[in-house]
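First comes the structure, then the notes that go with it.
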Amino acid sequence: KSCTTPTSSNTSSNNTNDDDDDEQYETLKSLKTILKSTGATISPQVHKKVHYLICTQSAIDNLTQRIRQAIKRNVDIVSVDWVKKCMQDNKRVDVTSYLWNEVAREIMVEKEREKKKKSGSSDGNDADDGGYDSDIPQDDN
């Protein structure tokens, strides 16, 4: 039941429903309250005991550190809409249609391609390069 939520200050969602209580899912504090009320354990970090990373589309688009960690550790990345649906149905619904792992991986690969095109090679200054090495040969002096 362990999960983690992004702490980005931009928690608004592009996908809004007509439900008046959608706002309760748009702030980190209120989402944590909802999750804790269902018995979930909230973790500030992505680690081996985390089952789901619950996040917004914005976190996916920006490839936050937690998104990259979830990809690396094979943690399921889940839309906050899943939490909404579970609460609406008053039960834990199947998470499959709310998974964003593939979308996150595709964005990560595309951003890495763009990064390589811009730089032409890795300068070694970026500590978080997604685990990709430059394929451009280096001079040996």
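Chain labels run A, B, ... following the order of the structure tokens; each chain numbers its residues from 1, and ligands are numbered from 1 in the order shown.
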Among the residues of segment 58-106 of chain A, find those DSSP assigns to strand (DSSP E or B) from the backbone and print them as a list in words. Asp76, Ile77, Val78, Ser79 and Leu99 of chain A
Only C-alpha atoms, please: the residues just picked out, written as a short mmCIF file (atom, residue, chain, number, x, y, z; two decimals), in the first residue's frame.
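To be explicit, this is the file written out as part.cif:
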data_model
loop_
_atom_site.label_atom_id
_atom_site.label_comp_id
_atom_site.auth_asym_id
_atom_site.auth_seq_id
_atom_site.Cartn_x
_atom_site.Cartn_y
_atom_site.Cartn_z
CA ASP A 76 4.06 1.87 -11.49
CA ILE A 77 3.37 5.52 -12.36
CA VAL A 78 -0.32 6.19 -11.86
CA SER A 79 -2.60 9.10 -12.71
CA LEU A 99 -0.76 3.64 -15.74
#
Considering only alpha helix (DSSP H) as DSSP defines it on the backbone, what residues of segment 45-98 of chain A qualify? List them as a PyMOL selection string. chain A and resi 57-61+65-72+80-89
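Distances from A:Val93, A:Val83, A:Lys115, A:Gly120 to Thr33 of chain A were compared using only C-alpha atoms, and the smallest one belongs to A:Val83.
Using only C-alpha atoms, the shortest contact distance between Arg105 of chain A and any of A:Arg68, A:Lys118, A:Asp81, A:Asp89 is found at A:Arg68.
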Neighbours of Arg73 of chain A within 12 Å (only C-alpha atoms; same-chain residues fewer than 3 positions away dropped), as a PDB file with C-alpha atoms, in the first residue's frame?
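Output below, filename part00.pdb:
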ATOM      1  CA  GLN A  45      10.947   9.074  -1.882  1.00  0.00           C
ATOM      2  CA  VAL A  46      10.676   6.344  -4.505  1.00  0.00           C
ATOM      3  CA  HIS A  47      12.249   3.156  -3.131  1.00  0.00           C
ATOM      4  CA  LYS A  48      11.838  -0.608  -3.471  1.00  0.00           C
ATOM      5  CA  LYS A  49       8.822  -0.778  -1.147  1.00  0.00           C
ATOM      6  CA  VAL A  50       6.817   1.815  -3.098  1.00  0.00           C
ATOM      7  CA  HIS A  51       4.025   0.246  -5.127  1.00  0.00           C
ATOM      8  CA  TYR A  52       2.735   3.328  -6.973  1.00  0.00           C
ATOM      9  CA  LEU A  53       3.892   6.822  -7.804  1.00  0.00           C
ATOM     10  CA  ARG A  66      10.543  10.988  -8.836  1.00  0.00           C
ATOM     11  CA  ILE A  67       9.231  10.065 -12.292  1.00  0.00           C
ATOM     12  CA  ARG A  68      12.762   9.163 -13.419  1.00  0.00           C
ATOM     13  CA  GLN A  69      13.312   7.162 -10.207  1.00  0.00           C
ATOM     14  CA  ALA A  70      10.033   5.285 -10.710  1.00  0.00           C
ATOM     15  CA  ASP A  76       4.055   1.872 -11.487  1.00  0.00           C
ATOM     16  CA  ILE A  77       3.374   5.522 -12.360  1.00  0.00           C
ATOM     17  CA  ASN A 101       4.837   4.203 -17.357  1.00  0.00           C
TER      18      ASN A 101
END
Would you work out the distance separating atom CA of Glu110 of chain A from atom CA of Ala59 of chain A, expressed in Å to one decimal?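 Atom-to-atom, atom CA of Glu110 of chain A to atom CA of Ala59 of chain A, that is 15.7 Å.
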For the atom pair atom CA of Cys55 of chain A and atom CA of Thr41 of chain A, what is the interatomic distance in Å to one decimal place? 15.4 Å
Using only C-alpha atoms for the distances, tell me which of A:Arg92, A:Tyr25, A:Met108, A:Gly39 is nearest to Asn62 of chain A. A:Met108
Rank nothing, just name the residue among A:Ser119, A:Ser58, A:Thr64, A:Ser37 nearest to Met87 of chain A, using only C-alpha atoms.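 Selected residue with least distance to Met87 of chain A: A:Ser37.
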In Å, with one decimal, what is the gap from atom CA of Val75 of chain A to atom CA of Lys91 of chain A?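 Atom CA of Lys91 of chain A lies 21.6 Å from atom CA of Val75 of chain A.
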